[in-house]
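The structure under discussion appears below in the form of structure tokens.
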Amino acid sequence: SLLCMCLDFTMALVSEFLGQLTLNFGGSEPKFPTVVAARDFDPAKDAARIETAVKTKGVDELTIIDILTRRSYFQRREIAFEYEKRSKKDMITALKGALSGSLEAVILGLMKSTAQYDASEIKGSIKGLGTDEETLIEMVCSRSAEELVEIKRVYKELFKKELEKDVAGDTSGDFRSLLLALVQAKRDEPSNIVDYEKIDQDARALYEAGVKRKGTDVATWITIMSERSVPHLQKVFDRYKSYSPYDMQESIRKEVKGDLEKSFLTLVECFENKQQYFANRLSEAMKGKSAKEKVVTRIVVSRCEVDLMKIRTEFKKLNQKSLYQTIAEHTKGDYQKVLLSLCGGDD
């Protein structure tokens, strides 16, 4: 049975690895991670060190942090496999038992792939009584079509439900229509040909559907913002200013309210500069004396193998202070240590 387990695991890793490969070679966004694969990687040695750390009286959190924040997701998976071989116990269960609070949330998050983590966060935002719209908006409106396709696949695998169905059952009105349009991931691939006529048509359509008329034709906004490629939309918003006295973000604030307003604003911010959007979210989460830990955890964990390096750069531009220093000031203890390690350095 161990052989079967080995084979299953190898196949799972291979299929995930191939998935990652196509992600990187498709027309996909380049990655700017702070967490990358460790060189001279020895999963058996790491597994032994984690086993000792978990069993130590009082738990040796530092070793767990040190190992798991400095390995890629695939390497963490291999460590978990070696751990099970050694101790006949599941590593994630062992970590759950040994850790608690915000540190536990981060470490368990690292044991999921980026898409699994995103899918779980979305599920968490719509599970139970009341929806956490803020999280749902962030997760759906900031992810690329490519990321959303992968999130949908993983969501179905993990929860045996369609993401669309869950989102539809938990939202209503134009807000629901926008989220569903985004989740369908019908966005055009960026093209090498700039279609000036279509840019002009879309800019005019956005203006005529909103600022120009009484009331808002939200359906037109949804179609354009959920189906056009990002480079095309950047040019559309630029062109939009020659029709409208307000730029796109100001227009959204004037035309719509509530969750719909937040969603459109998130979309436009991400089209214009996604990493700046995340940097903004992190700043807001660390305005007060203590951090909004859920938001900080979610962004750092979900983006550390994607674009956290670039988010760091944007954060420094916005705040004249590094993300590293800001985290250090607004958090403490092991939670601070794990975040600083994932942050990958000071700027």
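Residues are named by chain letter and number: chains run A, B, ... in the order of the structure tokens, numbers start at 1 in each chain, and ligands are numbered from 1 in the order shown.
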Note to self: Using only C-alpha atoms, which protein or nucleic acid residues come within 7 Å of segment 46-59 of chain A? Drop anything in the same chain fewer than 3 positions from it, and give the result as a list of chain:residue names.
What the structure shows: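 Counting only the stated atoms, we get A:Asp42, A:Pro43, A:Thr63, A:Ile64, A:Ile67, A:Ile79, A:Ala80, A:Glu82, A:Tyr83, A:Ala98.
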Item checked: Neighbour list for segment 161-172 of chain A as a list in words, cut-off 8 Å, only C-alpha atoms, skip fewer than 6 positions in-chain ->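 Near neighbours after the sequence-gap exclusion: Ile126, Thr131, Lys152, Tyr155, Leu179, Leu180, Val183 and Gln184 of chain A.
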Margin query: Just checking: using only C-alpha atoms, which residue out of A:Ser120, A:Ser142, A:Thr34, A:Ser226 ends up closest to Arg71 of chain A?
Written below: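 Among A:Ser120, A:Ser142, A:Thr34, A:Ser226, it is A:Thr34 that comes nearest to Arg71 of chain A.
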Check: Could you pull the residues within 8 Å of Ser302 of chain A, counting only C-alpha atoms, minus those fewer than 3 positions along the same chain, as a list in words?
Finding: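 In the requested form, the answer reads Thr114, Tyr117, Asp118, Arg298, Ile299, Glu305 and Val306 of chain A.
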Margin query: Can you tell me which residues surround Arg204 of chain A at a distance of at most 12 Å, considering only C-alpha atoms, apart from same-chain residues fewer than 3 positions away, and format the answer as a list of chain:residue names?
Written below: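 What passes the distance filter is A:Glu197, A:Lys198, A:Ile199, A:Asp200, A:Gln201, A:Tyr207, A:Glu208, A:Ala209, A:Gly210, A:Val211, A:Lys212, A:Thr220, A:Trp221, A:Ile224, A:Val236, A:Phe237, A:Asp238, A:Arg239, A:Tyr240, A:Lys241, A:Ser242, A:Tyr243, A:Ser244, A:Met248.
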Write the residues of the preceding selection, restricted to N, CA and C atoms, as a CSV table (one decimal), in the first residue's frame.
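Resulting contents of selection23.csv:
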chain,number,residue,atom,x,y,z
A,197,GLU,N,-10.6,51.1,-32.9
A,197,GLU,CA,-12.1,51.3,-33.1
A,197,GLU,C,-12.9,50.7,-31.9
A,198,LYS,N,-12.5,49.5,-31.5
A,198,LYS,CA,-13.2,48.8,-30.4
A,198,LYS,C,-12.9,49.5,-29.1
A,199,ILE,N,-11.7,50.1,-28.9
A,199,ILE,CA,-11.4,50.8,-27.7
A,199,ILE,C,-12.3,52.0,-27.6
A,200,ASP,N,-12.5,52.7,-28.7
A,200,ASP,CA,-13.3,53.9,-28.8
A,200,ASP,C,-14.8,53.5,-28.5
A,201,GLN,N,-15.3,52.4,-29.1
A,201,GLN,CA,-16.6,51.9,-29.0
A,201,GLN,C,-16.9,51.6,-27.5
A,207,TYR,N,-19.5,55.2,-21.2
A,207,TYR,CA,-20.0,56.6,-20.9
A,207,TYR,C,-21.5,56.7,-21.0
A,208,GLU,N,-22.0,56.2,-22.2
A,208,GLU,CA,-23.4,56.3,-22.5
A,208,GLU,C,-24.2,55.4,-21.5
A,209,ALA,N,-23.6,54.4,-21.0
A,209,ALA,CA,-24.4,53.5,-20.1
A,209,ALA,C,-24.4,54.0,-18.7
A,210,GLY,N,-23.6,55.1,-18.4
A,210,GLY,CA,-23.5,55.6,-17.0
A,210,GLY,C,-23.7,57.1,-16.9
A,211,VAL,N,-22.5,57.8,-16.9
A,211,VAL,CA,-22.5,59.2,-16.6
A,211,VAL,C,-23.4,60.0,-17.6
A,212,LYS,N,-23.6,59.6,-18.8
A,212,LYS,CA,-24.3,60.4,-19.8
A,212,LYS,C,-25.8,60.3,-19.6
A,220,THR,N,-24.2,46.7,-19.4
A,220,THR,CA,-23.2,47.1,-20.3
A,220,THR,C,-21.8,47.2,-19.7
A,221,TRP,N,-21.8,47.8,-18.5
A,221,TRP,CA,-20.6,47.8,-17.7
A,221,TRP,C,-20.0,46.4,-17.4
A,224,ILE,N,-18.5,44.7,-20.6
A,224,ILE,CA,-17.2,45.2,-21.0
A,224,ILE,C,-16.2,44.8,-20.0
A,236,VAL,N,-9.1,51.5,-22.9
A,236,VAL,CA,-10.5,52.0,-22.8
A,236,VAL,C,-10.6,53.1,-21.8
A,237,PHE,N,-10.1,52.8,-20.6
A,237,PHE,CA,-10.3,53.8,-19.5
A,237,PHE,C,-9.6,55.1,-19.8
A,238,ASP,N,-8.5,55.0,-20.5
A,238,ASP,CA,-7.8,56.2,-20.9
A,238,ASP,C,-8.6,57.0,-21.9
A,239,ARG,N,-9.2,56.3,-22.9
A,239,ARG,CA,-10.0,56.9,-23.9
A,239,ARG,C,-11.3,57.5,-23.3
A,240,TYR,N,-11.8,56.8,-22.3
A,240,TYR,CA,-13.0,57.2,-21.6
A,240,TYR,C,-13.0,58.6,-21.1
A,241,LYS,N,-11.8,59.1,-20.7
A,241,LYS,CA,-11.6,60.4,-20.2
A,241,LYS,C,-11.9,61.5,-21.3
A,242,SER,N,-11.9,61.1,-22.6
A,242,SER,CA,-12.2,62.1,-23.6
A,242,SER,C,-13.7,62.2,-23.8
A,243,TYR,N,-14.5,61.3,-23.2
A,243,TYR,CA,-15.9,61.4,-23.3
A,243,TYR,C,-16.5,61.9,-22.0
A,244,SER,N,-16.0,61.4,-20.9
A,244,SER,CA,-16.6,61.7,-19.6
A,244,SER,C,-15.8,62.8,-18.8
A,248,MET,N,-12.8,56.8,-14.8
A,248,MET,CA,-13.6,55.6,-14.6
A,248,MET,C,-14.0,55.4,-13.1
Check: With only C-alpha atoms as the atoms that count, which of A:Gln275, A:Arg86, A:Glu138, A:Arg76 lies nearest to Leu108 of chain A?
Finding: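 Closest to Leu108 of chain A, using only C-alpha atoms: A:Arg76.
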Note to self: At a cut-off of 12 Å, using only C-alpha atoms, what residues contact Thr135 of chain A? Leave out same-chain residues fewer than 3 positions from it and give the result as a list of chain:residue names.
What the structure shows: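 My reading of the contact set: A:Asp118, A:Ala119, A:Ser120, A:Glu121, A:Ile122, A:Lys123, A:Gly124, A:Ser125, A:Ile126, A:Lys127, A:Thr131, A:Asp132, A:Glu138, A:Met139, A:Val140, A:Cys141, A:Ser142, A:Asp259, A:Lys262, A:Ser263, A:Thr266, A:Arg281, A:Lys294, A:Val295, A:Val296, A:Arg298, A:Ile299.
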Notebook entry, point to check: For Gly288 of chain A, which residue out of A:Ser144, A:Glu329, A:Val218, A:Lys337 is the nearest one, using only C-alpha atoms?
Noted result: A:Glu329
Next item on the list: Taking the chain letters and numbering used in this document, name the residues of segment 39-249 of chain A that DSSP puts in alpha helix (DSSP H), as a PyMOL selection string.
Entry: chain A and resi 43-55+61-68+73-87+91-98+101-110+114-126+133-141+145-159+163-170+173-183+196-209+218-227+230-240+248-249
